[in-house]
Structures are given as structure tokens and as C-alpha cells.
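Peer 1: Next up, query_9.tsv (TSV, C-alpha atoms).
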chain	number	residue	atom	x	y	z
A	1	MET	CA	106.56	53.82	125.07
A	2	GLN	CA	104.71	54.65	128.28
A	3	LYS	CA	104.79	58.33	127.35
A	4	GLU	CA	103.20	57.59	124.00
A	5	GLU	CA	100.36	55.71	125.71
A	6	LYS	CA	99.67	58.61	128.07
A	7	ALA	CA	99.89	61.32	125.43
A	8	MET	CA	96.51	62.79	124.58
A	9	LYS	CA	95.17	62.14	121.12
A	10	PRO	CA	94.87	65.28	119.01
A	11	ILE	CA	91.41	66.81	119.35
A	12	THR	CA	89.68	67.18	116.00
A	13	LEU	CA	86.23	68.31	114.91
A	14	ASP	CA	84.96	64.75	115.29
A	15	THR	CA	86.33	64.22	118.79
A	16	ILE	CA	83.58	63.76	121.35
A	17	VAL	CA	84.19	65.46	124.67
A	18	LYS	CA	82.38	65.82	127.99
A	19	LYS	CA	82.82	67.91	131.13
A	20	SER	CA	84.96	66.08	133.69
A	21	GLU	CA	83.10	64.54	136.61
A	22	ASP	CA	85.07	66.50	139.21
A	23	ILE	CA	84.33	69.89	137.70
A	24	PHE	CA	81.50	71.73	139.45
A	25	THR	CA	79.95	74.78	137.88
A	26	GLY	CA	77.73	77.56	139.12
A	27	THR	CA	76.52	80.98	138.04
A	28	ILE	CA	76.97	83.95	140.35
A	29	ASP	CA	75.83	87.41	139.23
A	30	ASP	CA	75.72	86.17	135.60
A	31	GLU	CA	79.30	84.90	135.75
A	32	MET	CA	80.06	81.20	135.54
A	33	VAL	CA	82.51	79.71	137.99
A	34	ALA	CA	83.96	76.28	137.32
A	35	MET	CA	85.80	74.52	140.06
A	36	SER	CA	88.00	71.47	140.02
A	37	ILE	CA	87.32	69.51	143.14
A	38	ALA	CA	90.43	67.41	142.50
A	39	ASN	CA	92.87	70.29	142.76
A	40	GLY	CA	90.75	73.02	144.41
A	41	LYS	CA	91.32	75.44	141.51
A	42	TYR	CA	88.54	77.61	140.19
A	43	TYR	CA	88.08	79.19	136.80
A	44	GLN	CA	86.00	82.11	135.61
A	45	LEU	CA	84.44	81.62	132.18
A	46	ASN	CA	83.25	84.20	129.70
A	47	LYS	CA	79.82	83.90	128.09
A	48	THR	CA	80.92	81.66	125.21
A	49	GLY	CA	83.00	79.47	127.52
A	50	SER	CA	80.00	79.18	129.85
A	51	ILE	CA	77.76	78.03	126.97
A	52	ILE	CA	80.30	75.44	125.85
A	53	LEU	CA	80.84	74.05	129.35
A	54	SER	CA	77.08	73.89	129.90
A	55	LEU	CA	76.69	71.95	126.64
A	56	LEU	CA	79.39	69.57	127.79
A	57	GLU	CA	77.25	68.32	130.66
A	58	ASN	CA	76.43	65.81	127.90
A	59	PRO	CA	78.90	64.43	125.32
A	60	HIS	CA	79.23	66.47	122.14
A	61	SER	CA	81.59	66.52	119.20
A	62	ILE	CA	83.54	69.69	118.53
A	63	ARG	CA	81.64	70.01	115.26
A	64	GLU	CA	78.32	70.01	117.17
A	65	LEU	CA	79.65	72.64	119.57
A	66	CYS	CA	80.64	74.85	116.64
A	67	GLU	CA	77.18	74.53	115.10
A	68	THR	CA	75.51	75.51	118.36
A	69	ILE	CA	77.79	78.48	118.92
A	70	GLN	CA	77.16	79.65	115.36
A	71	CYS	CA	73.45	79.67	116.18
A	72	HIS	CA	74.18	82.09	119.07
A	73	TYR	CA	76.72	84.34	117.38
A	74	ARG	CA	77.25	85.57	113.85
A	75	VAL	CA	80.77	84.31	113.36
A	76	ASP	CA	82.77	82.93	110.47
A	77	GLY	CA	82.71	79.11	110.50
A	78	GLY	CA	86.48	78.73	110.17
A	79	VAL	CA	87.21	81.23	112.94
A	80	CYS	CA	84.60	79.59	115.18
A	81	ARG	CA	86.10	76.11	114.71
A	82	GLU	CA	89.61	77.41	115.35
A	83	ASP	CA	88.61	79.28	118.53
A	84	ILE	CA	86.63	76.36	119.91
A	85	LEU	CA	89.41	73.88	119.21
A	86	GLU	CA	91.83	76.15	121.04
A	87	PHE	CA	89.44	76.52	123.99
A	88	ILE	CA	88.74	72.78	124.16
A	89	ASN	CA	92.44	71.97	124.07
A	90	GLU	CA	93.04	74.40	126.92
A	91	MET	CA	90.23	72.82	128.95
A	92	ALA	CA	91.65	69.36	128.22
A	93	THR	CA	95.06	70.50	129.50
A	94	LEU	CA	93.37	71.64	132.72
A	95	ASN	CA	91.50	68.31	132.97
A	96	MET	CA	88.22	70.19	132.83
A	97	ILE	CA	86.95	67.97	130.03
A	98	SER	CA	87.53	64.37	129.07
A	99	VAL	CA	87.64	62.82	125.63
A	100	ILE	CA	85.08	60.07	125.14
B	1	MET	CA	86.93	77.92	189.14
B	2	ASP	CA	89.04	81.02	189.75
B	3	ASP	CA	92.52	80.50	191.15
B	4	GLY	CA	92.69	84.12	192.34
B	5	THR	CA	94.85	85.32	189.47
B	6	GLY	CA	91.99	86.13	187.15
B	7	TYR	CA	93.06	83.20	185.02
B	8	LEU	CA	90.67	80.35	184.42
B	9	PRO	CA	92.84	77.28	184.83
B	10	ALA	CA	92.47	74.34	182.48
B	11	PRO	CA	93.17	70.90	183.93
B	12	ALA	CA	96.89	70.10	183.81
B	13	GLU	CA	96.19	66.63	182.48
B	14	LEU	CA	94.73	66.28	179.01
B	15	PHE	CA	92.34	63.47	179.83
B	16	SER	CA	90.23	63.79	182.92
B	17	ALA	CA	87.91	61.45	184.72
B	18	GLY	CA	84.35	61.52	183.48
B	19	ILE	CA	82.78	62.80	180.30
B	20	HIS	CA	82.32	66.48	179.50
B	21	THR	CA	79.44	67.51	177.29
B	22	TYR	CA	79.17	70.66	175.22
B	23	ARG	CA	77.20	72.31	172.45
B	24	ALA	CA	78.85	74.51	169.83
B	25	TYR	CA	78.44	75.12	166.07
B	26	GLY	CA	75.06	73.41	166.24
B	27	LEU	CA	76.64	70.13	167.34
B	28	THR	CA	76.68	68.30	170.65
B	29	PHE	CA	79.96	66.90	171.92
B	30	SER	CA	80.87	64.28	174.49
B	31	SER	CA	84.52	64.52	175.39
B	32	GLU	CA	87.09	62.83	177.60
B	33	ILE	CA	88.98	66.13	177.41
B	34	CYS	CA	87.83	69.20	179.34
B	35	PHE	CA	87.57	72.42	177.30
B	36	PRO	CA	87.02	75.29	179.78
B	37	GLN	CA	85.90	77.69	177.01
B	38	TRP	CA	83.32	75.47	175.33
B	39	PRO	CA	79.66	76.01	176.23
B	40	ASP	CA	78.47	73.30	178.63
B	41	PHE	CA	75.38	71.44	177.52
B	42	SER	CA	73.53	68.50	178.96
B	43	VAL	CA	73.48	65.88	176.22
B	44	THR	CA	70.76	63.29	176.34
B	45	GLY	CA	71.43	60.22	174.22
B	46	GLU	CA	74.36	60.03	171.85
B	47	ALA	CA	76.28	63.22	171.11
B	48	ASP	CA	76.86	64.28	167.52
B	49	VAL	CA	80.63	64.13	168.03
B	50	SER	CA	82.73	62.13	170.46
B	51	ILE	CA	86.27	63.07	171.51
B	52	ARG	CA	88.12	60.11	172.96
B	53	GLN	CA	91.54	58.94	173.93
B	54	GLY	CA	92.68	56.10	171.71
B	55	VAL	CA	95.58	54.21	170.22
B	56	ILE	CA	96.36	55.18	166.65
B	57	PHE	CA	99.98	54.12	166.18
B	58	GLY	CA	100.89	52.78	169.63
B	59	LYS	CA	104.10	52.73	171.66
B	60	ASN	CA	106.74	52.09	168.99
B	61	TYR	CA	105.58	54.98	166.81
B	62	THR	CA	108.07	57.62	165.73
B	63	PRO	CA	106.34	60.95	165.05
B	64	PRO	CA	107.35	62.98	161.98
B	65	ASP	CA	109.79	65.89	162.28
B	66	SER	CA	107.06	68.34	161.30
B	67	VAL	CA	103.28	68.17	161.28
B	68	GLN	CA	101.82	65.96	158.56
B	69	ILE	CA	98.22	65.71	157.43
B	70	GLU	CA	96.83	62.73	155.56
B	71	SER	CA	93.33	62.65	154.14
B	72	SER	CA	90.99	60.21	152.46
B	73	PRO	CA	87.22	60.40	151.97
B	74	GLY	CA	85.65	60.77	155.42
B	75	HIS	CA	88.96	60.61	157.27
B	76	VAL	CA	91.75	63.00	158.13
B	77	LEU	CA	94.79	62.23	160.23
B	78	LEU	CA	97.01	64.82	161.85
B	79	ARG	CA	100.42	63.51	162.79
B	80	GLY	CA	101.88	66.05	165.18
B	81	SER	CA	105.61	66.13	165.79
B	82	GLN	CA	105.45	66.79	169.55
B	83	SER	CA	101.84	67.09	170.66
B	84	ALA	CA	99.53	64.30	169.50
B	85	THR	CA	98.25	62.16	166.71
B	86	ILE	CA	94.61	62.98	165.99
B	87	ARG	CA	92.20	61.14	163.74
B	88	VAL	CA	88.92	62.73	162.65
B	89	SER	CA	86.49	60.44	160.90
B	90	GLY	CA	82.92	60.13	159.75
B	91	GLY	CA	82.06	63.65	160.88
B	92	ASN	CA	81.41	62.27	164.35
B	93	ALA	CA	84.58	60.91	165.94
B	94	ILE	CA	87.84	62.43	167.09
B	95	ILE	CA	90.46	60.07	168.48
B	96	VAL	CA	93.43	61.59	170.29
B	97	GLU	CA	96.70	59.82	171.07
B	98	GLN	CA	98.86	62.15	173.15
B	99	LEU	CA	102.58	61.89	172.38
B	100	PRO	CA	104.95	61.57	175.38
B	101	GLY	CA	105.28	65.09	176.80
B	102	GLY	CA	102.60	66.45	174.45
B	103	ASN	CA	101.41	69.79	175.84
B	104	PRO	CA	97.69	69.66	176.81
B	105	ALA	CA	97.13	73.38	175.96
B	106	VAL	CA	98.53	72.89	172.47
B	107	ILE	CA	96.45	69.76	171.93
B	108	ARG	CA	93.28	71.56	173.07
B	109	GLN	CA	93.99	74.34	170.58
B	110	ILE	CA	94.50	71.85	167.75
B	111	LEU	CA	91.25	70.14	168.67
B	112	SER	CA	89.37	73.47	168.86
B	113	GLY	CA	90.63	74.49	165.43
B	114	TRP	CA	91.92	71.94	162.99
B	115	ALA	CA	90.06	68.89	164.34
B	116	LEU	CA	86.72	70.74	164.41
B	117	ALA	CA	87.41	71.83	160.82
B	118	GLY	CA	87.68	68.14	159.94
B	119	ILE	CA	84.27	67.50	161.51
B	120	PHE	CA	82.71	70.47	159.68
B	121	HIS	CA	84.04	69.45	156.27
B	122	GLN	CA	83.15	65.79	156.69
B	123	ARG	CA	79.61	66.85	157.54
B	124	GLY	CA	79.36	69.15	154.52
B	125	MET	CA	79.05	72.24	156.73
B	126	MET	CA	80.19	75.71	155.68
B	127	PRO	CA	82.77	77.25	158.04
B	128	LEU	CA	84.46	80.53	157.12
B	129	HIS	CA	87.54	81.77	158.92
B	130	GLY	CA	86.41	85.01	160.52
B	131	SER	CA	84.99	86.86	163.52
B	132	VAL	CA	81.22	87.05	163.78
B	133	ILE	CA	79.92	90.30	165.25
B	134	CYS	CA	76.25	90.96	165.97
B	135	ASP	CA	74.81	94.33	164.97
B	136	GLY	CA	71.15	94.79	165.80
B	137	ASP	CA	69.10	91.77	164.75
B	138	ALA	CA	71.71	90.52	162.28
B	139	CYS	CA	75.42	89.79	162.20
B	140	PHE	CA	78.35	90.25	159.89
B	141	VAL	CA	81.55	88.29	159.39
B	142	LEU	CA	84.98	89.90	159.45
B	143	CYS	CA	87.54	87.93	157.45
B	144	ALA	CA	91.16	88.96	157.15
B	145	GLU	CA	94.55	87.65	156.36
B	146	SER	CA	96.79	87.07	159.35
B	147	GLY	CA	98.33	90.18	160.92
B	148	ILE	CA	95.61	92.70	160.04
B	149	GLY	CA	94.22	92.65	163.56
B	150	LYS	CA	90.89	90.89	163.14
B	151	SER	CA	90.66	90.01	166.83
B	152	THR	CA	91.76	93.51	167.89
B	153	LEU	CA	88.96	94.91	165.75
B	154	ALA	CA	86.53	92.38	167.22
B	155	ILE	CA	87.55	93.58	170.69
B	156	ALA	CA	86.77	97.18	169.67
B	157	PHE	CA	83.25	96.03	168.70
B	158	LEU	CA	82.82	94.15	171.97
B	159	ASN	CA	84.08	97.17	173.95
B	160	ALA	CA	81.36	99.19	172.22
B	161	GLY	CA	78.71	96.77	173.49
B	162	HIS	CA	78.28	94.42	170.53
B	163	THR	CA	77.88	90.71	171.04
B	164	TYR	CA	79.65	87.96	169.08
B	165	LEU	CA	79.08	84.40	167.93
B	166	ASP	CA	82.68	83.32	167.46
B	167	ASP	CA	86.03	84.99	166.94
B	168	ASN	CA	87.54	82.39	164.66
B	169	VAL	CA	84.92	80.40	162.76
B	170	ALA	CA	81.71	81.61	161.12
B	171	LEU	CA	79.66	78.45	160.80
B	172	ILE	CA	77.04	79.40	158.22
B	173	HIS	CA	73.82	77.50	157.85
B	174	PHE	CA	70.77	78.11	155.67
B	175	GLU	CA	67.65	78.19	157.84
B	176	LYS	CA	64.63	78.06	155.53
B	177	ASP	CA	66.83	79.54	152.79
B	178	ILE	CA	68.04	82.39	155.00
B	179	PRO	CA	71.76	82.37	155.81
B	180	CYS	CA	72.43	82.35	159.55
B	181	VAL	CA	75.54	82.01	161.65
B	182	ILE	CA	75.48	79.39	164.38
B	183	PRO	CA	77.20	80.25	167.69
B	184	GLY	CA	80.54	78.63	168.28
B	185	ILE	CA	82.92	78.98	171.21
B	186	PRO	CA	83.12	82.13	173.41
B	187	GLU	CA	86.85	82.40	173.04
B	188	ILE	CA	88.94	85.29	171.75
B	189	ARG	CA	92.64	84.97	171.07
B	190	LEU	CA	94.78	88.07	171.26
B	191	TRP	CA	98.33	89.17	171.85
B	192	GLU	CA	99.19	89.71	175.49
B	193	ASP	CA	99.94	93.43	175.01
B	194	ALA	CA	96.40	93.95	173.59
B	195	LEU	CA	94.84	92.71	176.84
B	196	GLN	CA	94.99	96.25	178.29
B	197	HIS	CA	92.44	97.36	175.65
B	198	VAL	CA	89.82	94.80	176.69
B	199	ALA	CA	87.04	96.67	178.48
B	200	PHE	CA	84.39	93.96	178.64
B	201	GLU	CA	83.91	91.15	181.12
B	202	HIS	CA	86.35	88.33	180.43
B	203	ARG	CA	88.55	85.67	181.93
B	204	VAL	CA	91.98	84.70	180.67
B	205	VAL	CA	92.15	80.96	180.04
B	206	GLY	CA	95.87	80.88	179.35
B	207	ARG	CA	98.39	81.04	176.58
B	208	VAL	CA	97.41	79.58	173.23
B	209	LYS	CA	100.84	77.94	173.14
B	210	PRO	CA	103.41	77.88	175.97
B	211	ASP	CA	106.04	79.76	173.94
B	212	VAL	CA	103.73	82.33	172.29
B	213	ASN	CA	102.52	85.56	173.91
B	214	LYS	CA	99.02	85.02	172.61
B	215	LEU	CA	96.25	84.57	175.14
B	216	ALA	CA	92.93	82.80	174.99
B	217	LEU	CA	90.14	84.83	176.58
B	218	LEU	CA	86.76	83.59	177.63
B	219	SER	CA	83.95	86.15	177.35
B	220	ARG	CA	80.54	84.66	178.01
B	221	ALA	CA	78.83	87.98	178.82
B	222	ASN	CA	79.21	89.23	175.22
B	223	PHE	CA	78.60	85.83	173.66
B	224	LYS	CA	75.27	85.38	171.89
B	225	ASN	CA	74.34	81.74	172.16
B	226	GLU	CA	71.70	81.57	169.43
B	227	PRO	CA	71.78	81.63	165.60
B	228	VAL	CA	71.72	85.07	164.03
B	229	ILE	CA	70.82	86.10	160.48
B	230	LEU	CA	73.90	86.88	158.40
B	231	LYS	CA	73.72	90.29	156.74
B	232	ARG	CA	77.06	90.63	154.99
B	233	ILE	CA	80.67	89.57	154.88
B	234	PHE	CA	83.61	91.96	155.08
B	235	ILE	CA	87.06	91.04	153.87
B	236	LEU	CA	89.78	93.20	155.40
B	237	ARG	CA	92.72	93.76	153.09
B	238	ARG	CA	95.75	95.97	153.54
B	239	THR	CA	96.59	98.08	150.47
B	240	GLN	CA	98.79	100.99	149.49
B	241	ASN	CA	95.72	103.24	149.23
B	242	PRO	CA	95.80	106.32	151.48
B	243	ASP	CA	92.17	105.95	152.58
B	244	ILE	CA	89.71	103.28	153.66
B	245	SER	CA	87.28	102.17	150.95
B	246	PHE	CA	84.49	99.59	150.68
B	247	VAL	CA	84.51	97.70	147.38
B	248	PRO	CA	81.59	95.37	146.60
B	249	LEU	CA	82.64	91.93	145.39
B	250	ILE	CA	80.50	90.30	142.71
B	251	GLY	CA	80.39	87.20	140.57
B	252	ALA	CA	83.40	84.94	140.31
B	253	ALA	CA	85.55	87.34	142.35
B	254	LYS	CA	83.13	86.99	145.26
B	255	PHE	CA	83.15	83.19	145.02
B	256	LYS	CA	86.96	83.19	144.87
B	257	VAL	CA	87.28	85.27	148.04
B	258	LEU	CA	84.74	83.17	149.92
B	259	TRP	CA	86.48	79.94	148.89
B	260	GLU	CA	89.82	81.32	150.06
B	261	HIS	CA	88.32	82.03	153.49
B	262	VAL	CA	86.80	78.61	154.06
B	263	PHE	CA	88.20	77.41	157.38
B	264	CYS	CA	91.11	74.98	156.92
B	265	VAL	CA	89.91	73.95	153.46
B	266	ARG	CA	93.47	73.51	152.17
B	267	PHE	CA	94.27	70.89	154.80
B	268	MET	CA	91.21	68.74	154.31
B	269	GLY	CA	92.17	67.19	150.97
B	270	ASP	CA	89.77	64.42	150.03
B	271	SER	CA	88.37	64.20	153.56
B	272	GLY	CA	85.46	66.60	153.24
B	273	ASN	CA	82.32	66.89	151.19
B	274	LYS	CA	83.51	69.35	148.56
B	275	LEU	CA	80.38	69.13	146.42
B	276	SER	CA	78.26	70.21	149.37
B	277	LEU	CA	80.73	72.98	150.22
B	278	PHE	CA	80.77	74.21	146.62
B	279	GLN	CA	76.99	74.31	146.43
B	280	ASN	CA	76.69	76.06	149.80
B	281	LEU	CA	79.29	78.67	148.87
B	282	LYS	CA	77.63	79.23	145.50
B	283	LYS	CA	74.35	79.89	147.26
B	284	LEU	CA	76.02	82.10	149.86
B	285	ALA	CA	77.75	84.11	147.12
B	286	SER	CA	74.39	84.61	145.41
B	287	ASP	CA	72.52	85.59	148.58
B	288	ILE	CA	74.92	87.68	150.65
B	289	ALA	CA	76.56	91.04	150.03
B	290	CYS	CA	80.30	90.87	150.33
B	291	PHE	CA	82.59	93.90	150.60
B	292	GLU	CA	86.33	94.17	150.56
B	293	ILE	CA	87.48	96.80	153.04
B	294	ARG	CA	90.66	98.23	151.57
B	295	LEU	CA	92.81	99.51	154.38
B	296	PRO	CA	95.81	101.81	154.15
B	297	ALA	CA	99.25	100.38	154.91
B	298	GLU	CA	99.18	102.21	158.22
B	299	LEU	CA	96.15	100.76	159.90
B	300	PRO	CA	93.69	103.15	161.58
B	301	PRO	CA	93.12	102.78	165.34
B	302	PRO	CA	90.77	99.81	165.96
B	303	ASP	CA	88.04	102.00	167.44
B	304	LYS	CA	88.10	104.35	164.44
B	305	LEU	CA	87.85	101.40	162.05
B	306	ARG	CA	85.04	99.97	164.18
B	307	GLU	CA	83.11	103.23	163.82
B	308	ILE	CA	83.59	103.32	160.03
B	309	ILE	CA	82.44	99.71	159.59
B	310	HIS	CA	79.50	100.21	161.93
B	311	ASP	CA	78.36	103.36	160.07
B	312	PHE	CA	78.69	101.60	156.71
B	313	ASN	CA	76.75	98.62	158.02
B	314	ILE	CA	73.88	100.83	159.19
B	315	MET	CA	73.69	102.93	156.04
B	316	HIS	CA	73.85	100.14	153.43
Kindly return the structure encoded in the file as C-alpha cells.
Peer 2:
Amino acid sequence: MQKEEKAMKPITLDTIVKKSEDIFTGTIDDEMVAMSIANGKYYQLNKTGSIILSLLENPHSIRELCETIQCHYRVDGGVCREDILEFINEMATLNMISVI
Amino acid sequence: MDDGTGYLPAPAELFSAGIHTYRAYGLTFSSEICFPQWPDFSVTGEADVSIRQGVIFGKNYTPPDSVQIESSPGHVLLRGSQSATIRVSGGNAIIVEQLPGGNPAVIRQILSGWALAGIFHQRGMMPLHGSVICDGDACFVLCAESGIGKSTLAIAFLNAGHTYLDDNVALIHFEKDIPCVIPGIPEIRLWEDALQHVAFEHRVVGRVKPDVNKLALLSRANFKNEPVILKRIFILRRTQNPDISFVPLIGAAKFKVLWEHVFCVRFMGDSGNKLSLFQNLKKLASDIACFEIRLPAELPPPDKLREIIHDFNIMH
């Protein structure tokens, strides 16, 4: 029962997410570094990941993120949604984002 | 006070009568413990940091079998197994409770290293673990993993007439947006068999630990007691490459290396100001050139390596 309460809800296109409070970010030589102050781990993000994490300074739904990314890159809508969902799930696993 | 042996004796007792005052790493200290290596300084008013004897757990306390460190925001507690219990708090207070039989030399070393790291992190300062060597009007930091011979290399620089700001901690501070290193403590630690290579004026303070052949040297003549502009950071790394090469670090890789060389960062837990440290390191990574010096498995003689680094530093 306890496990069920702790389990994360599936992230869908309508899920609203935000960057976790203990994640600090910075750009060095055009590369974004994200660091978890809670566990001292740091992550290097590619350009798309950097845009997404920057957007998540404020709460956004996954659908909104996809729309913004599609404005930056010519990419198939289905592929974009799939890639972003995968990326967001990975960030959620690392506690880099929180679900609102 | 020379005892005739060339050694500079530290008081046998940990706590001595009176208060000793020092200035190092840009901070003033008032201490109930004498540190022969620390730069004396006449402190008027309240010192930035006080080092006092105090009761933390009291008489019925049983120390842990091995060293334990506990941290919470603004506080860090070191529970030594044989030496002392030390609490560092608020970035301005160090309380020391010596355990029965706790060795004063060991406790002084813990205070000069780990406890000062607690103060730095609680104050949001930026200490890197490395030797700081002056070259002309600027300085560079030599960072290295243990066993590469950072201090031996530092000695080669000092033999060649360079001055230094610290052999263990590079306390970096932005002065009007320019990164500078603040002078620390004029102490160099080296293995006893390396003492024969020291050709500059020095005094031996004693062993770092009673059962370790590592000595603490005091060298005030080569010590530069003023902030110096930081030019670059070198990371010494042993590789399987046959030759020495200088590889510039950029972007996230540079940040990663700098973070890994923050002094005692792993032990500070929640005690320090990590946001301030992150922002300072980010700025440092953006402003300062950082090179990895890839060394062959068989290390070159220290003086040869000193020449190579010096030439690179002049030409780039």
C-alpha cells in the first residue's frame, strides 16, 4: 500500500512539471551544467535538454514543451512528444524535475 | 623558538595559556591553541573565527571506532576515534574537545585542514585542494590526485625561486570580478626522504602524524602574504601516455574537474553554502583557463616537470 502511494504517477502530455528547487544550472562555454545540490551529482545537457530545463524554471505541461521545441526544430510531432516524454521521465527519475 | 635541532617545536599541550591571534585565508583567528605555522596577526576587536576548548559530549562519551562526520545547515561535527571531537558552526566558531590521550599534533592537523574547510564552506568561500605557486605578477594552482607528487613539484618551484601562497588550499576570491588567490598558511607537507631536495630556507615543524614519515615544513621566506591574481589552474593526472601533454578543459568537463577539487566538499554535506559554491565555481570555470597535464606512468623528475610547466605558463 505504502509503495503504491510513493509510486510516481505516469507522466503524460498533460502533466505539468517544473525544475526541482535543488537543481542549479549554469552555462559554461555554451554547455549547460545542471547540478543536484542534494546529492552533489552534476549533469551535462545537450542543446535540446538545456532548452527544456531552462523552460522548466516555470511550470509547463509536456504538451507545451513539445510545442516550444517544435518551434526551434523541424521535427515530427509524434517523434518530438516521444523523445520529450522519455527525457522528462529520465529527469524525474533523477529528481531533477518535480510533477506539479 | 629553535631547540637547536632545526625543528620548530610546537607546544606539547594542545591548549596553552593566553589567546593566539592569526590571519590566514583572508580571515582573522583568535585561538586557545597555538599553531606555530600560522601567520601571526594582531587582531583588534572580534576575530572572524574563534577556536576554543569546549565540552561537546562530556566525560561519559564513548567515541566511535572510526571517524564520523555529521552535518546540518551551518554545522558540522567531526567525531574522532582517538584525537578529538570538533564542532564547526556558523562559519565563525570551532569548538574542540580533546579525547583522553588525543595527540596534539594530530588535532592541529585536523584543525588546519578539515575544520578550516568547514569554516570556508559555511561562509560560502571557494577553496580548491591544490598548491598555489606565484609566477611573475600572477599565480597558478596545481591540483592533483594523491600520490602524484604535488608537494614535491611545489618544492621544485620554490627551489627555483618562486614564491607560494599555500601548499594545500587555494582560497579563491573574486576581487572586482578578477579571480585572486588569498594567502593561506606557509606550511608544506612532504615525505621525510624528500627533505634532502629542499634547497630553500625552511624549518621543520614536526611530523604530520606521529606514526607517519610525513613532515610539516614552515617556509616563510618563500611565502607571499598578499592576494595574487589567478592566471590558470593545472590538473596533474597520471596516464599511460608516453609523453607529457597539456589538454585544455572546457565547458561541463571543466566544471566537473573543478568541483572534484573543491577542498573537502564531500565531507561537508548540508553544512556549507552549496548555492554560493556552485555560482562561484561556475564563474571561475567561465573566467579561468584550466589545463589537464597528462603525465606518463613514469613521472619525470620534479625539476624537469617544473621547467615544462613554467615554459608553458610563459608561452600561453
Peer 1: Put the listed atoms of segment 47-54 of chain B in a box along x, y and z with 3 Å added on every side and give me the centre and edge lengths in Å to one decimal, as JSON.
Peer 2:
{"center_x": 84.5, "center_y": 60.2, "center_z": 170.7, "size_x": 22.4, "size_y": 14.2, "size_z": 12.4}
Peer 1: From the set A:Ser50, A:Asn39, A:Thr93, A:Ser61, which residue has the shortest atom-to-atom contact distance to chain B, counting all atoms listed in the file?
Peer 2: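 Looking only at the distances to chain B, the closest residue turns out to be A:Asn39.
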Peer 1: Given all atoms listed in the file as the basis, pick out the residue of B:Cys34, B:Val247, B:Val208, B:Ile107 nearest to Phe234 of chain B.
Peer 2: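 Smallest separation from Phe234 of chain B among the options: B:Val247.
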Peer 1: Find the residues around Phe24 of chain A up to 7 Å (all atoms listed in the file counted), leave out those fewer than 5 positions away in its own chain, and share them as a list in words.
Peer 2: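 Contacts, with the query itself left out: Ala34, Met35 and Ser36 of chain A.
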Peer 1: Find the residue from B:Asp193, B:Glu46, B:Asp243, B:Asp287 that sits nearest to chain A; use all atoms listed in the file when measuring.
Peer 2: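 The answer is B:Asp287, which sits nearest to chain A.
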Peer 1: Select from chain A every residue with an atom at most 10 Å from any atom of chain B, then for each give the shortest pair of atoms and their distance in Å to one decimal, using all atoms listed in the file, rows by chain and rising number, as JSON lines.
Peer 2:
{"residue": "A:Asp22", "atom": "CA", "partner": "B:Leu275", "partner_atom": "CA", "distance": 9.0}
{"residue": "A:Ile23", "atom": "CA", "partner": "B:Leu275", "partner_atom": "CA", "distance": 9.6}
{"residue": "A:Phe24", "atom": "CA", "partner": "B:Leu275", "partner_atom": "CA", "distance": 7.5}
{"residue": "A:Thr25", "atom": "CA", "partner": "B:Phe278", "partner_atom": "CA", "distance": 8.8}
{"residue": "A:Gly26", "atom": "CA", "partner": "B:Lys282", "partner_atom": "CA", "distance": 6.6}
{"residue": "A:Thr27", "atom": "CA", "partner": "B:Lys282", "partner_atom": "CA", "distance": 7.7}
{"residue": "A:Ile28", "atom": "CA", "partner": "B:Gly251", "partner_atom": "CA", "distance": 4.7}
{"residue": "A:Asp29", "atom": "CA", "partner": "B:Gly251", "partner_atom": "CA", "distance": 4.8}
{"residue": "A:Asp30", "atom": "CA", "partner": "B:Gly251", "partner_atom": "CA", "distance": 6.9}
{"residue": "A:Glu31", "atom": "CA", "partner": "B:Gly251", "partner_atom": "CA", "distance": 5.5}
{"residue": "A:Met32", "atom": "CA", "partner": "B:Ala252", "partner_atom": "CA", "distance": 6.9}
{"residue": "A:Val33", "atom": "CA", "partner": "B:Ala252", "partner_atom": "CA", "distance": 5.8}
{"residue": "A:Ala34", "atom": "CA", "partner": "B:Ala252", "partner_atom": "CA", "distance": 9.2}
{"residue": "A:Met35", "atom": "CA", "partner": "B:Phe278", "partner_atom": "CA", "distance": 8.3}
{"residue": "A:Ser36", "atom": "CA", "partner": "B:Lys274", "partner_atom": "CA", "distance": 9.9}
{"residue": "A:Ile37", "atom": "CA", "partner": "B:Lys274", "partner_atom": "CA", "distance": 6.6}
{"residue": "A:Ala38", "atom": "CA", "partner": "B:Asp270", "partner_atom": "CA", "distance": 8.1}
{"residue": "A:Asn39", "atom": "CA", "partner": "B:Gly269", "partner_atom": "CA", "distance": 8.8}
{"residue": "A:Gly40", "atom": "CA", "partner": "B:Arg266", "partner_atom": "CA", "distance": 8.2}
{"residue": "A:Lys41", "atom": "CA", "partner": "B:Lys256", "partner_atom": "CA", "distance": 9.5}
{"residue": "A:Tyr42", "atom": "CA", "partner": "B:Lys256", "partner_atom": "CA", "distance": 7.5}
{"residue": "A:Tyr43", "atom": "CA", "partner": "B:Ala252", "partner_atom": "CA", "distance": 8.2}
{"residue": "A:Gln44", "atom": "CA", "partner": "B:Ala252", "partner_atom": "CA", "distance": 6.1}
{"residue": "A:Leu45", "atom": "CA", "partner": "B:Ala252", "partner_atom": "CA", "distance": 8.8}
Peer 1: Would you list the residues near (79.0, 65.8, 122.9) (no more than 9 Å away, in the coordinates of the file, using only C-alpha atoms) as a list in words?
Peer 2: Thr15, Ile16, Val17, Lys18, Leu55, Leu56, Glu57, Asn58, Pro59, His60, Ser61, Ile62, Glu64, Leu65 and Ile100 of chain A
Peer 1: For Pro64 of chain B, work out the shell of residues within 8 Å, counting all atoms listed in the file and skipping chain neighbours fewer than 3 positions away, then give it as an NGL selection string.
Peer 2: :B and (67-68 or 79-81)
Peer 1: Interatomic distance between atom CA of Gly49 of chain A and atom CA of Met96 of chain A?
Peer 2: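 These two atoms are separated by 11.9 Å.
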Peer 1: For Thr44 of chain B, find every residue with an atom within 12 Å (counting all atoms listed in the file), except residues of its own chain fewer than 5 positions away, and show them as a PyMOL selection string.
Peer 2: chain B and resi 21-23+28-30
Peer 1: Could you check which of B:Ile172, B:Ile185, B:Val132, B:Ala105 is closest to Pro210 of chain B, using only C-alpha atoms?
Peer 2: B:Ala105
